[in-house]
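Trainee: Quick one, work.cif (mmCIF, C-alpha atoms):
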```cif
data_input
#
loop_
_atom_site.label_atom_id
_atom_site.label_comp_id
_atom_site.auth_asym_id
_atom_site.auth_seq_id
_atom_site.Cartn_x
_atom_site.Cartn_y
_atom_site.Cartn_z
CA MET A 1137 -73.24 -60.55 -130.89
CA LEU A 1138 -70.89 -61.75 -128.16
CA ALA A 1139 -73.79 -62.32 -125.78
CA ALA A 1140 -75.69 -64.16 -128.48
CA CYS A 1141 -72.91 -66.61 -129.27
CA GLY A 1142 -72.04 -67.12 -125.61
CA SER A 1143 -68.27 -66.68 -125.84
CA ASP A 1144 -65.75 -63.89 -126.27
CA GLU A 1145 -62.98 -63.47 -128.83
CA ALA A 1146 -60.68 -65.71 -126.81
CA GLY A 1147 -63.22 -68.51 -126.89
CA ARG A 1148 -64.07 -68.24 -123.19
CA PRO A 1149 -67.72 -68.71 -122.22
CA THR A 1150 -69.46 -65.40 -121.62
CA LEU A 1151 -71.73 -65.45 -118.59
CA ASN A 1152 -74.53 -62.92 -118.94
CA TRP A 1153 -75.34 -61.20 -115.68
CA TYR A 1154 -78.65 -59.31 -115.68
CA ASN A 1155 -79.09 -56.84 -112.86
CA PHE A 1156 -80.50 -53.42 -112.03
CA PRO A 1157 -78.83 -50.44 -113.77
CA ASP A 1158 -76.02 -49.27 -111.53
CA ASP A 1159 -74.78 -45.72 -112.15
CA SER A 1160 -71.87 -45.91 -109.70
CA GLY A 1161 -69.78 -48.38 -111.71
CA ALA A 1162 -69.59 -50.84 -108.79
CA LEU A 1163 -71.35 -53.68 -110.62
CA GLN A 1164 -69.17 -53.30 -113.71
CA LYS A 1165 -66.07 -53.38 -111.51
CA ALA A 1166 -67.32 -56.61 -109.94
CA ALA A 1167 -67.86 -58.18 -113.37
CA ASP A 1168 -64.39 -57.13 -114.50
CA ARG A 1169 -62.70 -58.38 -111.34
CA CYS A 1170 -64.39 -61.76 -111.47
CA SER A 1171 -63.68 -62.16 -115.18
CA GLN A 1172 -59.99 -61.59 -114.45
CA ALA A 1173 -60.02 -63.79 -111.36
CA SER A 1174 -61.44 -66.70 -113.37
CA GLY A 1175 -58.03 -67.24 -114.94
CA GLY A 1176 -59.45 -67.27 -118.43
CA ARG A 1177 -62.20 -69.82 -117.75
CA TYR A 1178 -65.03 -67.34 -118.28
CA SER A 1179 -65.86 -63.68 -118.70
CA ILE A 1180 -68.87 -61.87 -117.25
CA SER A 1181 -71.00 -59.45 -119.24
CA TYR A 1182 -73.02 -57.07 -117.05
CA ASN A 1183 -76.36 -56.39 -118.75
CA LYS A 1184 -78.56 -53.63 -117.35
CA LEU A 1185 -82.23 -54.33 -116.77
CA PRO A 1186 -84.84 -51.54 -116.89
CA ARG A 1187 -84.68 -49.02 -114.04
CA ALA A 1188 -88.10 -49.78 -112.57
CA ALA A 1189 -88.52 -53.06 -110.64
CA ASP A 1190 -91.69 -53.95 -112.55
CA GLY A 1191 -89.83 -53.58 -115.84
CA GLN A 1192 -86.96 -55.70 -114.55
CA ARG A 1193 -89.25 -58.52 -113.53
CA GLN A 1194 -91.24 -58.34 -116.76
CA GLN A 1195 -88.14 -58.72 -118.93
CA LEU A 1196 -86.80 -61.66 -116.91
CA VAL A 1197 -90.19 -63.41 -116.76
CA ARG A 1198 -90.74 -63.17 -120.51
CA ARG A 1199 -87.29 -64.44 -121.40
CA LEU A 1200 -87.28 -67.26 -118.86
CA ALA A 1201 -90.75 -68.34 -119.93
CA ALA A 1202 -89.31 -68.63 -123.44
CA GLU A 1203 -86.41 -70.74 -122.06
CA ASP A 1204 -83.86 -68.17 -123.22
CA ASP A 1205 -80.46 -69.80 -122.67
CA SER A 1206 -78.51 -66.53 -122.96
CA LEU A 1207 -79.34 -65.66 -119.33
CA ASP A 1208 -76.91 -67.03 -116.75
CA ILE A 1209 -76.88 -64.96 -113.53
CA LEU A 1210 -80.03 -63.10 -112.53
CA GLY A 1211 -80.31 -60.19 -110.12
CA LEU A 1212 -83.65 -60.80 -108.42
CA ASP A 1213 -85.57 -58.40 -106.23
CA VAL A 1214 -85.89 -59.97 -102.77
CA THR A 1215 -89.57 -60.75 -103.43
CA TRP A 1216 -89.08 -62.84 -106.59
CA ALA A 1217 -87.19 -66.00 -105.54
CA ALA A 1218 -90.29 -67.99 -104.55
CA GLU A 1219 -92.10 -67.18 -107.79
CA PHE A 1220 -89.10 -68.00 -109.98
CA ALA A 1221 -88.33 -71.18 -108.02
CA GLU A 1222 -91.92 -72.41 -108.22
CA ALA A 1223 -91.85 -71.82 -111.98
CA ARG A 1224 -88.56 -73.79 -112.17
CA TRP A 1225 -86.75 -70.88 -113.78
CA ILE A 1226 -83.83 -70.88 -111.35
CA ARG A 1227 -81.58 -73.60 -109.96
CA GLU A 1228 -81.30 -74.69 -106.35
CA TRP A 1229 -78.03 -73.97 -104.55
CA THR A 1230 -76.57 -77.20 -103.14
CA GLY A 1231 -73.30 -78.66 -101.89
CA LYS A 1232 -70.20 -76.51 -101.69
CA ALA A 1233 -71.80 -73.58 -103.51
CA LYS A 1234 -74.61 -73.46 -100.94
CA GLN A 1235 -72.14 -73.71 -98.07
CA GLU A 1236 -70.13 -70.75 -99.41
CA ALA A 1237 -73.33 -68.77 -100.05
CA VAL A 1238 -74.58 -69.19 -96.49
CA GLU A 1239 -71.29 -68.80 -94.63
CA GLY A 1240 -71.01 -65.38 -92.99
CA THR A 1241 -74.25 -64.11 -94.55
CA LEU A 1242 -76.81 -62.26 -92.44
CA ARG A 1243 -79.75 -64.44 -91.43
CA VAL A 1244 -82.67 -62.27 -92.54
CA PRO A 1245 -81.43 -61.64 -96.12
CA LEU A 1246 -81.02 -65.40 -96.50
CA GLN A 1247 -84.74 -65.81 -95.83
CA THR A 1248 -85.50 -63.90 -99.03
CA SER A 1249 -83.46 -66.45 -101.02
CA THR A 1250 -85.19 -69.49 -99.57
CA TRP A 1251 -88.34 -71.28 -100.72
CA LYS A 1252 -89.76 -74.46 -99.18
CA GLY A 1253 -86.58 -74.96 -97.18
CA LYS A 1254 -84.28 -74.80 -100.22
CA LEU A 1255 -81.82 -72.06 -101.21
CA TYR A 1256 -82.45 -70.61 -104.66
CA ALA A 1257 -80.27 -67.49 -104.64
CA VAL A 1258 -77.44 -65.82 -102.76
CA PRO A 1259 -77.95 -62.36 -101.19
CA TYR A 1260 -75.92 -59.74 -103.08
CA ASN A 1261 -76.89 -56.63 -101.16
CA THR A 1262 -79.56 -55.65 -98.68
CA ASN A 1263 -81.24 -52.45 -97.53
CA THR A 1264 -83.30 -51.16 -94.66
CA GLN A 1265 -84.85 -47.92 -93.53
CA LEU A 1266 -83.84 -45.74 -90.61
CA LEU A 1267 -85.44 -42.70 -89.04
CA TRP A 1268 -83.70 -39.54 -90.27
CA TYR A 1269 -84.36 -36.31 -88.42
CA ARG A 1270 -83.19 -32.72 -87.89
CA LYS A 1271 -81.35 -32.30 -84.62
CA ASP A 1272 -81.97 -28.53 -84.61
CA LEU A 1273 -85.71 -29.28 -84.44
CA VAL A 1274 -85.67 -32.56 -82.51
CA PRO A 1275 -82.86 -32.76 -79.92
CA LYS A 1276 -83.88 -36.32 -78.97
CA PRO A 1277 -85.37 -38.65 -81.61
CA PRO A 1278 -88.70 -40.37 -80.92
CA ARG A 1279 -88.72 -44.06 -79.99
CA THR A 1280 -92.30 -44.74 -81.08
CA TRP A 1281 -94.75 -43.64 -83.76
CA ALA A 1282 -96.92 -42.01 -81.12
CA GLU A 1283 -93.98 -39.92 -79.88
CA MET A 1284 -93.07 -38.91 -83.42
CA LEU A 1285 -96.59 -37.74 -84.26
CA ASP A 1286 -96.73 -35.80 -80.99
CA MET A 1287 -93.42 -34.10 -81.78
CA ALA A 1288 -94.58 -33.24 -85.29
CA GLY A 1289 -97.77 -31.73 -83.88
CA THR A 1290 -95.81 -29.56 -81.44
CA LEU A 1291 -93.50 -28.34 -84.21
CA ALA A 1292 -96.52 -27.52 -86.38
CA ARG A 1293 -98.07 -25.42 -83.61
CA GLU A 1294 -94.77 -23.57 -83.26
CA GLY A 1295 -94.73 -22.82 -86.98
CA LYS A 1296 -91.61 -24.89 -87.59
CA PRO A 1297 -90.87 -27.56 -90.25
CA HIS A 1298 -92.75 -30.62 -89.05
CA PHE A 1299 -93.60 -33.09 -91.83
CA VAL A 1300 -92.89 -36.82 -91.52
CA GLU A 1301 -91.74 -37.95 -94.96
CA ILE A 1302 -92.68 -41.51 -95.89
CA GLN A 1303 -93.77 -43.49 -98.95
CA GLY A 1304 -97.53 -43.03 -99.36
CA ALA A 1305 -98.03 -43.51 -103.09
CA GLN A 1306 -99.90 -46.51 -104.47
CA TYR A 1307 -96.89 -48.75 -105.17
CA GLU A 1308 -94.55 -51.21 -103.47
CA GLY A 1309 -93.35 -48.61 -100.97
CA LEU A 1310 -96.82 -48.45 -99.42
CA THR A 1311 -96.82 -52.24 -98.99
CA VAL A 1312 -93.39 -52.02 -97.34
CA TRP A 1313 -94.68 -49.40 -94.88
CA PHE A 1314 -97.64 -51.62 -93.93
CA ASN A 1315 -95.46 -54.73 -93.70
CA THR A 1316 -93.03 -52.97 -91.38
CA LEU A 1317 -95.80 -51.74 -89.08
CA ILE A 1318 -97.66 -55.05 -88.90
CA ASN A 1319 -94.45 -56.97 -88.10
CA SER A 1320 -93.44 -54.31 -85.57
CA ALA A 1321 -96.83 -54.82 -83.90
CA GLY A 1322 -96.16 -58.55 -83.57
CA GLY A 1323 -98.07 -59.80 -86.62
CA SER A 1324 -97.54 -60.67 -90.26
CA ILE A 1325 -99.39 -60.50 -93.56
CA LEU A 1326 -99.27 -64.28 -94.16
CA ASN A 1327 -99.02 -67.21 -91.78
CA ALA A 1328 -95.69 -69.01 -91.29
CA SER A 1329 -96.37 -71.50 -94.11
CA ALA A 1330 -97.56 -68.73 -96.49
CA THR A 1331 -100.79 -70.63 -97.10
CA GLU A 1332 -103.32 -68.10 -95.83
CA PRO A 1333 -103.58 -64.50 -94.55
CA SER A 1334 -102.58 -63.82 -90.97
CA LEU A 1335 -103.25 -60.09 -90.41
CA GLY A 1336 -105.53 -59.82 -87.33
CA PRO A 1337 -105.27 -57.09 -84.64
CA PRO A 1338 -101.65 -56.14 -85.54
CA ALA A 1339 -102.81 -55.36 -89.08
CA VAL A 1340 -105.61 -53.15 -87.79
CA ARG A 1341 -103.12 -51.30 -85.59
CA ALA A 1342 -100.75 -50.86 -88.55
CA ALA A 1343 -103.50 -49.50 -90.79
CA GLY A 1344 -104.61 -47.18 -87.97
CA ILE A 1345 -101.12 -45.68 -87.63
CA MET A 1346 -100.98 -45.03 -91.37
CA ARG A 1347 -104.39 -43.33 -91.28
CA ASP A 1348 -103.48 -41.28 -88.20
CA LEU A 1349 -100.34 -39.94 -89.85
CA ALA A 1350 -102.18 -39.14 -93.07
CA ASN A 1351 -104.81 -37.12 -91.21
CA SER A 1352 -102.42 -35.28 -88.89
CA PRO A 1353 -100.30 -32.13 -89.25
CA ALA A 1354 -97.33 -34.48 -89.76
CA ALA A 1355 -98.56 -35.48 -93.23
CA ASP A 1356 -96.90 -33.90 -96.23
CA PRO A 1357 -99.67 -32.59 -98.54
CA SER A 1358 -98.14 -34.82 -101.26
CA LEU A 1359 -98.13 -37.96 -99.11
CA SER A 1360 -100.42 -39.97 -101.39
CA ASN A 1361 -98.07 -39.37 -104.35
CA GLN A 1362 -94.72 -39.67 -102.61
CA MET A 1363 -92.01 -42.27 -103.15
CA GLU A 1364 -88.49 -42.50 -101.70
CA ASP A 1365 -86.95 -39.81 -103.89
CA GLN A 1366 -89.75 -37.31 -103.28
CA ASN A 1367 -89.22 -37.89 -99.55
CA ARG A 1368 -85.51 -37.19 -99.97
CA LEU A 1369 -86.14 -33.97 -101.88
CA ALA A 1370 -88.70 -32.74 -99.35
CA MET A 1371 -86.27 -33.30 -96.48
CA GLU A 1372 -83.49 -31.54 -98.36
CA SER A 1373 -85.77 -28.57 -99.07
CA GLY A 1374 -86.18 -27.97 -95.32
CA VAL A 1375 -89.94 -28.53 -94.91
CA ALA A 1376 -89.68 -31.78 -92.94
CA ALA A 1377 -88.48 -32.74 -89.48
CA PHE A 1378 -88.50 -36.52 -89.97
CA GLU A 1379 -87.93 -38.98 -92.81
CA LEU A 1380 -88.31 -42.76 -92.97
CA ASN A 1381 -85.99 -43.78 -95.75
CA TYR A 1382 -82.96 -45.76 -96.92
CA PRO A 1383 -79.31 -44.76 -96.33
CA PHE A 1384 -78.94 -43.18 -99.79
CA VAL A 1385 -80.40 -40.00 -98.29
CA TYR A 1386 -77.26 -39.41 -96.22
CA PRO A 1387 -74.74 -38.76 -99.04
CA SER A 1388 -77.46 -36.93 -100.95
CA MET A 1389 -78.08 -34.49 -98.10
CA ARG A 1390 -74.34 -34.01 -97.67
CA ALA A 1391 -73.96 -33.06 -101.33
CA ASN A 1392 -77.17 -31.10 -101.90
CA ASN A 1393 -77.66 -29.15 -98.65
CA PRO A 1394 -74.39 -28.95 -96.66
CA GLU A 1395 -75.88 -26.45 -94.22
CA LEU A 1396 -78.85 -28.67 -93.33
CA PHE A 1397 -76.53 -31.68 -93.32
CA LYS A 1398 -74.90 -30.31 -90.15
CA ASN A 1399 -78.10 -31.18 -88.26
CA PHE A 1400 -79.02 -34.32 -90.21
CA ARG A 1401 -79.11 -37.30 -87.84
CA TRP A 1402 -80.34 -40.88 -87.78
CA ALA A 1403 -82.00 -43.21 -85.29
CA PRO A 1404 -83.67 -46.64 -85.24
CA TYR A 1405 -86.98 -47.00 -87.03
CA PRO A 1406 -89.82 -45.96 -84.66
CA ARG A 1407 -91.52 -48.69 -82.67
CA VAL A 1408 -95.23 -49.44 -82.61
CA ASP A 1409 -94.97 -50.56 -78.97
CA ALA A 1410 -92.38 -49.02 -76.67
CA ASN A 1411 -91.34 -52.46 -75.34
CA ARG A 1412 -91.07 -54.18 -78.75
CA PRO A 1413 -88.25 -53.41 -81.27
CA ALA A 1414 -89.33 -52.22 -84.69
CA ARG A 1415 -88.95 -54.69 -87.55
CA PRO A 1416 -88.27 -52.64 -90.68
CA THR A 1417 -88.74 -54.46 -93.99
CA ILE A 1418 -85.55 -55.27 -95.88
CA GLY A 1419 -84.91 -54.74 -99.57
CA GLY A 1420 -82.02 -55.76 -101.77
CA ILE A 1421 -80.97 -58.02 -104.61
CA ASP A 1422 -80.37 -61.79 -104.64
CA LEU A 1423 -78.30 -63.53 -107.32
CA ALA A 1424 -79.79 -66.65 -108.92
CA VAL A 1425 -78.62 -69.01 -111.65
CA SER A 1426 -80.97 -69.50 -114.59
CA ALA A 1427 -82.34 -72.99 -115.13
CA TYR A 1428 -81.53 -72.54 -118.83
CA SER A 1429 -77.91 -71.40 -118.47
CA ARG A 1430 -75.53 -73.38 -120.68
CA HIS A 1431 -72.79 -72.97 -118.05
CA PRO A 1432 -74.48 -73.48 -114.67
CA ASP A 1433 -71.38 -74.61 -112.75
CA LEU A 1434 -69.45 -71.54 -113.89
CA ALA A 1435 -72.47 -69.34 -113.17
CA PHE A 1436 -72.64 -70.51 -109.54
CA GLU A 1437 -68.92 -69.84 -109.16
CA ALA A 1438 -69.20 -66.41 -110.76
CA ALA A 1439 -72.21 -65.43 -108.63
CA LEU A 1440 -70.21 -66.18 -105.48
CA CYS A 1441 -67.38 -64.05 -106.78
CA LEU A 1442 -69.68 -61.15 -107.67
CA ARG A 1443 -70.90 -60.95 -104.07
CA ASN A 1444 -67.60 -61.62 -102.32
CA ARG A 1445 -66.17 -59.33 -99.65
CA GLU A 1446 -64.28 -57.02 -102.01
CA ASN A 1447 -67.19 -56.53 -104.38
CA GLN A 1448 -69.74 -56.04 -101.61
CA LEU A 1449 -67.51 -53.41 -100.02
CA THR A 1450 -67.19 -51.60 -103.36
CA ALA A 1451 -70.96 -51.74 -103.84
CA ALA A 1452 -71.41 -50.27 -100.37
CA LEU A 1453 -68.83 -47.49 -100.68
CA GLU A 1454 -69.51 -46.50 -104.28
CA GLY A 1455 -73.08 -47.64 -104.86
CA GLY A 1456 -74.57 -47.09 -101.40
CA LEU A 1457 -75.75 -50.71 -101.11
CA PRO A 1458 -75.52 -52.19 -97.58
CA PRO A 1459 -73.71 -55.55 -97.61
CA THR A 1460 -75.11 -58.94 -96.65
CA LEU A 1461 -71.82 -60.24 -95.22
CA ARG A 1462 -71.80 -59.72 -91.44
CA ALA A 1463 -68.02 -59.17 -91.24
CA LEU A 1464 -68.16 -56.04 -93.39
CA TYR A 1465 -70.05 -54.18 -90.67
CA ASP A 1466 -66.78 -54.22 -88.69
CA ASP A 1467 -64.69 -53.06 -91.65
CA PRO A 1468 -63.09 -49.63 -90.94
CA ALA A 1469 -63.66 -48.37 -94.50
CA PHE A 1470 -67.34 -49.26 -94.35
CA MET A 1471 -67.80 -47.83 -90.86
CA LYS A 1472 -66.20 -44.54 -91.92
CA GLU A 1473 -68.48 -44.15 -94.95
CA TYR A 1474 -71.50 -45.44 -93.00
CA PRO A 1475 -71.32 -43.75 -89.58
CA PHE A 1476 -74.78 -45.27 -89.05
CA SER A 1477 -73.54 -48.83 -89.78
CA GLY A 1478 -74.35 -49.97 -86.24
CA GLU A 1479 -77.95 -48.86 -86.58
CA VAL A 1480 -78.22 -50.49 -90.01
CA LEU A 1481 -76.85 -53.79 -88.66
CA ALA A 1482 -79.19 -53.70 -85.67
CA ALA A 1483 -82.13 -53.05 -88.00
CA LEU A 1484 -81.11 -55.91 -90.28
CA GLU A 1485 -80.78 -58.36 -87.40
CA SER A 1486 -84.34 -57.65 -86.23
CA ALA A 1487 -85.77 -56.95 -89.69
CA SER A 1488 -88.81 -58.43 -91.37
CA VAL A 1489 -89.18 -59.74 -94.91
CA ARG A 1490 -92.11 -59.29 -97.22
CA PRO A 1491 -94.41 -62.32 -97.62
CA ILE A 1492 -92.49 -65.17 -99.26
CA THR A 1493 -94.90 -66.59 -101.80
CA PRO A 1494 -95.00 -67.17 -105.57
CA VAL A 1495 -98.00 -64.83 -105.77
CA TYR A 1496 -96.29 -61.96 -103.96
CA GLN A 1497 -97.09 -59.50 -106.76
CA ASN A 1498 -100.80 -60.02 -106.20
CA VAL A 1499 -100.39 -59.77 -102.43
CA SER A 1500 -98.56 -56.47 -102.78
CA ILE A 1501 -101.17 -55.07 -105.16
CA ALA A 1502 -103.97 -56.03 -102.77
CA VAL A 1503 -102.24 -54.12 -99.96
CA SER A 1504 -101.19 -51.01 -101.85
CA HIS A 1505 -104.50 -50.56 -103.69
CA THR A 1506 -106.58 -51.01 -100.56
CA LEU A 1507 -104.49 -48.65 -98.43
CA SER A 1508 -104.31 -45.87 -101.03
CA PRO A 1509 -104.71 -43.06 -100.25
CA PRO A 1510 -103.62 -43.46 -96.62
CA SER A 1511 -106.01 -40.71 -95.52
CA GLY A 1512 -108.94 -42.86 -96.63
CA ILE A 1513 -107.99 -45.98 -94.66
CA GLU A 1514 -110.70 -47.50 -92.49
CA PRO A 1515 -108.63 -49.92 -90.40
CA GLU A 1516 -111.17 -52.68 -89.78
CA SER A 1517 -112.79 -52.74 -93.22
CA SER A 1518 -109.53 -52.09 -95.11
CA VAL A 1519 -107.87 -55.05 -93.43
CA ALA A 1520 -110.92 -57.21 -94.17
CA THR A 1521 -110.64 -56.27 -97.85
CA ILE A 1522 -106.93 -57.09 -97.90
CA ARG A 1523 -107.62 -60.45 -96.26
CA GLU A 1524 -110.24 -61.35 -98.84
CA GLN A 1525 -108.09 -60.34 -101.81
CA ILE A 1526 -104.99 -62.13 -100.49
CA ASP A 1527 -107.03 -65.27 -99.88
CA ASP A 1528 -108.16 -65.16 -103.52
CA ALA A 1529 -104.55 -64.65 -104.68
CA LEU A 1530 -103.29 -67.61 -102.68
CA ARG A 1531 -105.94 -69.89 -104.14
CA SER A 1532 -105.01 -69.05 -107.73
CA GLU A 1533 -102.74 -71.31 -109.76
CA GLY A 1534 -99.83 -70.69 -112.08
CA VAL A 1535 -97.31 -67.89 -112.39
CA ILE A 1536 -98.34 -64.26 -112.30
CA PRO A 1537 -98.22 -62.75 -115.80
#
```
Could I get this structure in the form of structure tokens?
Mentor:
Amino acid sequence: MLAACGSDEAGRPTLNWYNFPDDSGALQKAADRCSQASGGRYSISYNKLPRAADGQRQQLVRRLAAEDDSLDILGLDVTWAAEFAEARWIREWTGKAKQEAVEGTLRVPLQTSTWKGKLYAVPYNTNTQLLWYRKDLVPKPPRTWAEMLDMAGTLAREGKPHFVEIQGAQYEGLTVWFNTLINSAGGSILNASATEPSLGPPAVRAAGIMRDLANSPAADPSLSNQMEDQNRLAMESGVAAFELNYPFVYPSMRANNPELFKNFRWAPYPRVDANRPARPTIGGIDLAVSAYSRHPDLAFEAALCLRNRENQLTAALEGGLPPTLRALYDDPAFMKEYPFSGEVLAALESASVRPITPVYQNVSIAVSHTLSPPSGIEPESSVATIREQIDDALRSEGVIP
């Protein structure tokens, strides 16, 4: 009822913040802090979206298409800003609000909030993958994919744990894997203006690496069905030597397998070419202001508060969400909880983003469907299929249903 009427019992406007369901309590703390810091001018109600990203997007799209004015601040996946901006569902950040949003924020996360040279959201948190490995099996981590597959093959011949855990199921994680490899090989899925496919030889190399892993001893038998959490569980069970995954695996290993944790180490994401740094794909959430909010000025102010230094640090320490503010990577509390903070920062500074386009959902589907299962990839023909399907997606009109 309070959300429906748009104000609380004290008559203050209630700003409805819709974001992913956070089990750590960090997002609720941010809402409470910012409500108190407003000095009675507004309160923030944290509303949890569905757990799956597709469900989150579907709920927001349906309500925004209906011009629902009870939505104020929106937690967008980093691939949604262009689509929502093109549909005129979210407001551009300008003036002082834009200046505060950009100041001190990492460059690559800001790219996910930008469409046609305009800022449509402010990065709340980010994420990137590292290479996680067992030091008792691999004294020195591999620098390249070729080295990693060679090491896995040697471990297999010795009868030791040797799997490389990575996201091979037919979903967004498979697109992220391909996007990381193609950017690491010096290419991209779309051209710089996002008007046509780019792909080319780097895409063929990327698809070839995926196929080679899938058909090698390094492949987990469940590769074609695995997502991030299945990778985590496999590593914790002791059957794997390597894992490409997000930092959430570190506290999980510490809690679930303390003995194995003693040899659990991290390293930069493997390179495609030894002389070219890897460009892992970033994730995260951007905060946008609904075009239909009845309190847009307050919503911009509140969004900046929700992602300020204190709240980003809480989200990192309690929720495991890497911050987008550069200064926090030098914060002693963050560095203690994230002993791999230097590697995360280095990855973020050289990271890649997924194609920025209003039809990203179709682009992602074209990639993940064509490359599934990874063992069946035919690099040249698979890339040709992806190119054709992306070209069709880019020529379509309107917003993806």
Trainee: Could you check how far CA of Thr1248 in chain A sits from CA of Asp1205 in chain A, in Å to one decimal?
Mentor: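 For CA of Thr1248 in chain A relative to CA of Asp1205 in chain A, the distance reads 24.9 Å.
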Trainee: Could you check which of A:Leu1185, A:Ala1257, A:Ile1526, A:Ala1410 is closest to Thr1215 in chain A, using only C-alpha atoms?
Mentor: A:Ala1257
Trainee: For the PyMOL selection byres ((chain A and resi 1499-1501) around 10), applied here, can you spell out every residue it catches as a PyMOL selection string?
Mentor: chain A and resi 1215+1306-1312+1315+1325-1326+1333+1490-1491+1493-1498+1502-1507+1522-1523+1525-1530
Trainee: Tell me which residues the PyMOL selection byres ((chain A and resi 1244) around 9) grabs here, as a PyMOL selection string.
Mentor: chain A and resi 1241-1243+1245-1248+1418+1484-1489
Trainee: Given the file above and the PyMOL selection byres ((chain A and resi 1283-1294) around 8), which residues are selected, and can you give them as a list in words?
Mentor: Leu1273, Val1274, Pro1277, Pro1278, Arg1279, Thr1280, Trp1281, Ala1282, Gly1295, Lys1296, Pro1297, His1298, Phe1299, Val1300, Leu1349, Ser1352, Pro1353, Ala1354, Ala1377 and Pro1406 of chain A
